[in-house]
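Reading through the structure tokens given below for one structure.
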Amino acid sequence: MIEVHQLPKQPPVLQSVWNVGSLLYYSAALFVVESWFYWDRFRHYYEQEELWLSTFWFGSVLFAFSHIFLVLMDSWSRYQNYKRIKDYLFVQGFKPKIARLYSGSKCQRTAFLVAARELGLEQETLRYYRRLGVRWYHFVPNFMIKDPLFMFKSYYWSRTFTEKYYKSKFDYRALGAQTVA
């Protein structure tokens with residue numbers, strides 16, 4: 001267990017939410033812009049009565065618009081991972097076995113790194129991920145490369161978009177305030 005007096009100053013909850021999901025929030029904003037652009041193209045060709053082009057652009061609208069919600073669901077799931085990881089790290093300290101569970105995707109590594117940073121374990125985590133060969137530019141999740149039919153597997157949907165709500169076992173801001181006082 002990490003000693004309470006060693007606990008770094010804890011950021012506000014919204015800052016942690018942002019830090020865990022910032023890449024996903026940028027993606028959501030991009031999909032909003034894409035949706036608007038595709039909608040504009042769809043309307044243009046619909047008004048021109050171009051059936052094939054309006055069908056193509058409407059399909060593009062549906063694709064981009066649905067991704068807004070998928071990305072937001074993914075960010076919510078990563079935040080649940082972050083809370084679970086932070087509790088685990090606080091009680092157990094850094095363990096490579098657990099870090100490896102979250103090494104497969106950029107978003108899951110980010111959740112792990114944010115939790116580790118907030119507990120003063122970031123350097124140890126970064127060293128471990130470097131030893132695994134993980135670099136900052138590894139965005140495509142490993143499972144997508146290993147299993148091209150991942151979208152048809154339940155593990156993908158449950159682990160990516162529908163993580164169960166996790167209630168943190170500790171109030172880190174209160175614990176951090178104790179170390180300052």
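By order in the structure tokens, chains are A, B, ...; within a chain, residues start at 1; ligands start at 1, following the order shown.
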
Neighbour list for Gln10 of chain A as JSON, numbers by chain, cut-off 12 Å, only C-alpha atoms, skip fewer than 2 positions in-chain: {"A": [4, 6, 7, 8, 12, 13, 14, 15, 16, 86, 114, 115, 116, 117, 118, 119, 120, 171, 172, 173, 174, 175, 176, 177, 178, 179, 180]}

Export of the given selection (N, CA and C atoms) as an mmCIF file, in the first residue's frame:
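Dumped everything to part20.cif:
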data_model
loop_
_atom_site.group_PDB
_atom_site.id
_atom_site.type_symbol
_atom_site.label_atom_id
_atom_site.label_comp_id
_atom_site.auth_asym_id
_atom_site.auth_seq_id
_atom_site.Cartn_x
_atom_site.Cartn_y
_atom_site.Cartn_z
ATOM 1 N N VAL A 4 0.128 7.132 2.861
ATOM 2 C CA VAL A 4 -0.663 8.347 2.635
ATOM 3 C C VAL A 4 0.237 9.572 2.588
ATOM 4 N N GLN A 6 3.065 9.803 1.300
ATOM 5 C CA GLN A 6 3.773 9.820 0.022
ATOM 6 C C GLN A 6 2.853 10.171 -1.148
ATOM 7 N N LEU A 7 1.592 10.315 -0.882
ATOM 8 C CA LEU A 7 0.606 10.555 -1.937
ATOM 9 C C LEU A 7 0.782 11.953 -2.514
ATOM 10 N N PRO A 8 1.017 12.061 -3.826
ATOM 11 C CA PRO A 8 1.117 13.390 -4.448
ATOM 12 C C PRO A 8 -0.212 14.137 -4.365
ATOM 13 N N PRO A 12 -8.288 17.687 -9.389
ATOM 14 C CA PRO A 12 -9.758 17.610 -9.328
ATOM 15 C C PRO A 12 -10.269 16.479 -10.223
ATOM 16 N N VAL A 13 -11.437 15.978 -9.908
ATOM 17 C CA VAL A 13 -12.013 14.854 -10.638
ATOM 18 C C VAL A 13 -12.130 15.163 -12.130
ATOM 19 N N LEU A 14 -12.609 16.345 -12.472
ATOM 20 C CA LEU A 14 -12.776 16.682 -13.895
ATOM 21 C C LEU A 14 -11.449 16.686 -14.639
ATOM 22 N N GLN A 15 -10.383 17.059 -13.963
ATOM 23 C CA GLN A 15 -9.066 17.019 -14.599
ATOM 24 C C GLN A 15 -8.664 15.573 -14.869
ATOM 25 N N SER A 16 -8.941 14.686 -13.932
ATOM 26 C CA SER A 16 -8.644 13.265 -14.149
ATOM 27 C C SER A 16 -9.485 12.703 -15.293
ATOM 28 N N LYS A 86 -6.421 2.754 -10.195
ATOM 29 C CA LYS A 86 -5.893 3.621 -9.135
ATOM 30 C C LYS A 86 -6.060 2.964 -7.769
ATOM 31 N N VAL A 114 -2.360 7.574 -16.221
ATOM 32 C CA VAL A 114 -2.932 8.677 -15.431
ATOM 33 C C VAL A 114 -3.058 8.250 -13.967
ATOM 34 N N ALA A 115 -3.561 7.046 -13.737
ATOM 35 C CA ALA A 115 -3.671 6.541 -12.353
ATOM 36 C C ALA A 115 -2.289 6.438 -11.713
ATOM 37 N N ALA A 116 -1.326 5.908 -12.470
ATOM 38 C CA ALA A 116 0.035 5.773 -11.938
ATOM 39 C C ALA A 116 0.654 7.136 -11.643
ATOM 40 N N ARG A 117 0.460 8.104 -12.533
ATOM 41 C CA ARG A 117 0.995 9.457 -12.325
ATOM 42 C C ARG A 117 0.422 10.069 -11.044
ATOM 43 N N GLU A 118 -0.868 9.899 -10.844
ATOM 44 C CA GLU A 118 -1.512 10.502 -9.684
ATOM 45 C C GLU A 118 -1.075 9.848 -8.368
ATOM 46 N N LEU A 119 -0.449 8.676 -8.468
ATOM 47 C CA LEU A 119 0.039 7.997 -7.265
ATOM 48 C C LEU A 119 1.565 8.005 -7.182
ATOM 49 N N GLY A 120 2.215 8.717 -8.096
ATOM 50 C CA GLY A 120 3.670 8.804 -8.072
ATOM 51 C C GLY A 120 4.371 7.588 -8.648
ATOM 52 N N ASP A 171 -11.094 8.042 -1.108
ATOM 53 C CA ASP A 171 -11.250 9.441 -1.488
ATOM 54 C C ASP A 171 -9.849 10.040 -1.519
ATOM 55 N N TYR A 172 -9.225 10.016 -2.684
ATOM 56 C CA TYR A 172 -7.821 10.414 -2.819
ATOM 57 C C TYR A 172 -7.607 11.900 -2.539
ATOM 58 N N ARG A 173 -8.587 12.709 -2.873
ATOM 59 C CA ARG A 173 -8.445 14.151 -2.588
ATOM 60 C C ARG A 173 -8.410 14.383 -1.088
ATOM 61 N N ALA A 174 -9.251 13.682 -0.342
ATOM 62 C CA ALA A 174 -9.248 13.807 1.117
ATOM 63 C C ALA A 174 -7.954 13.262 1.695
ATOM 64 N N LEU A 175 -7.480 12.137 1.166
ATOM 65 C CA LEU A 175 -6.216 11.565 1.637
ATOM 66 C C LEU A 175 -5.064 12.498 1.319
ATOM 67 N N GLY A 176 -5.076 13.092 0.129
ATOM 68 C CA GLY A 176 -4.045 14.042 -0.246
ATOM 69 C C GLY A 176 -4.060 15.284 0.617
ATOM 70 N N ALA A 177 -5.268 15.714 1.015
ATOM 71 C CA ALA A 177 -5.385 16.895 1.874
ATOM 72 C C ALA A 177 -4.809 16.600 3.261
ATOM 73 N N GLN A 178 -4.913 15.354 3.721
ATOM 74 C CA GLN A 178 -4.358 14.966 5.015
ATOM 75 C C GLN A 178 -2.843 15.102 5.023
ATOM 76 N N THR A 179 -2.199 14.824 3.883
ATOM 77 C CA THR A 179 -0.748 14.894 3.839
ATOM 78 C C THR A 179 -0.269 16.337 3.864
ATOM 79 N N VAL A 180 -1.084 17.273 3.334
ATOM 80 C CA VAL A 180 -0.728 18.676 3.327
ATOM 81 C C VAL A 180 -0.905 19.275 4.711
#

Per-residue DSSP, chain A, filtered to helix (DSSP H, G or I), as a PyMOL selection string: chain A and resi 4-6+13-47+51-92+96-101+106-118+122-132+142-146+150-152+154-160+172-180

Distance criterion (only C-alpha atoms): nearest to Trp76 of chain A out of A:Tyr137, A:Tyr25, A:Tyr155, A:Phe143: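 Counting only C-alpha atoms, the residue closest to Trp76 of chain A is A:Tyr25.
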
Å distance separating atom CA of Phe56 of chain A from atom CA of Arg43 of chain A, one decimal place: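 Taking atom CA of Phe56 of chain A as the start and atom CA of Arg43 of chain A as the end point, the length is 11.5 Å.
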
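Proximity to Ile145 of chain A was assessed for A:Gly104, A:Ser66, A:Phe31, A:Tyr26 counting only C-alpha atoms; the smallest distance is recorded for A:Gly104.
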
Selection near segment 27-30 of chain A, 12 Å with only C-alpha atoms, sequence-local residues under 5 positions removed, as a list in words: Gly21, Ser22, Ser35, Trp36, Phe37, Ala64, Phe65, Ser66, His67, Ile68, Phe69, Leu70, Val71, Leu72, Met73, Asp74, Ser75 and Cys107 of chain A

Selected residues, C-alpha atoms, written as a tab-separated table (two decimals), in the first residue's frame, please.
chain	number	residue	atom	x	y	z
A	21	GLY	CA	-10.13	10.56	-22.10
A	22	SER	CA	-8.62	13.60	-23.85
A	35	SER	CA	-20.96	14.53	-39.32
A	36	TRP	CA	-21.70	18.15	-40.09
A	37	PHE	CA	-19.58	18.02	-43.29
A	64	ALA	CA	-19.59	9.47	-38.26
A	65	PHE	CA	-22.59	10.33	-36.07
A	66	SER	CA	-22.70	6.88	-34.47
A	67	HIS	CA	-18.99	7.15	-33.69
A	68	ILE	CA	-19.62	10.19	-31.51
A	69	PHE	CA	-21.53	7.98	-29.10
A	70	LEU	CA	-19.11	5.07	-29.37
A	71	VAL	CA	-16.18	7.33	-28.51
A	72	LEU	CA	-18.06	8.78	-25.53
A	73	MET	CA	-18.92	5.27	-24.31
A	74	ASP	CA	-15.27	4.31	-24.71
A	75	SER	CA	-14.15	7.30	-22.64
A	107	CYS	CA	-6.67	4.44	-24.35

Residue nearest Gln80 of chain A among A:Asp147, A:Glu3, A:Glu163, A:Glu124 (counting only C-alpha atoms):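 Result for the nearest residue to Gln80 of chain A: A:Glu163.
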
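Note that the spacing between atom CA of Val91 of chain A and atom CA of Phe161 of chain A amounts to 26.6 Å.
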
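Proximity ranking of A:Thr160, A:Thr110, A:Gln48, A:Ser54 relative to Trp18 of chain A places A:Thr110 first, based on only C-alpha atoms.
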
From A:Leu121, A:Arg109, A:Gly59, A:Tyr82, residue lying nearest Phe94 of chain A [only C-alpha atoms]: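 Closest to Phe94 of chain A, using only C-alpha atoms: A:Leu121.
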
Which of A:Leu53, A:Ile2, A:Ile85, A:Leu149 sits closest to Tyr166 of chain A [using only C-alpha atoms]: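 Using only C-alpha atoms, the shortest distance to Tyr166 of chain A belongs to A:Ile85.
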
Contact residues around Ser105 of chain A with only C-alpha atoms at 9 Å, ignoring same-chain residues under 5 positions, as a list in words: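 Here the qualifying residues turn out to be Thr110, His138, Phe139, Val140, Pro141, Asn142 and Phe143 of chain A.
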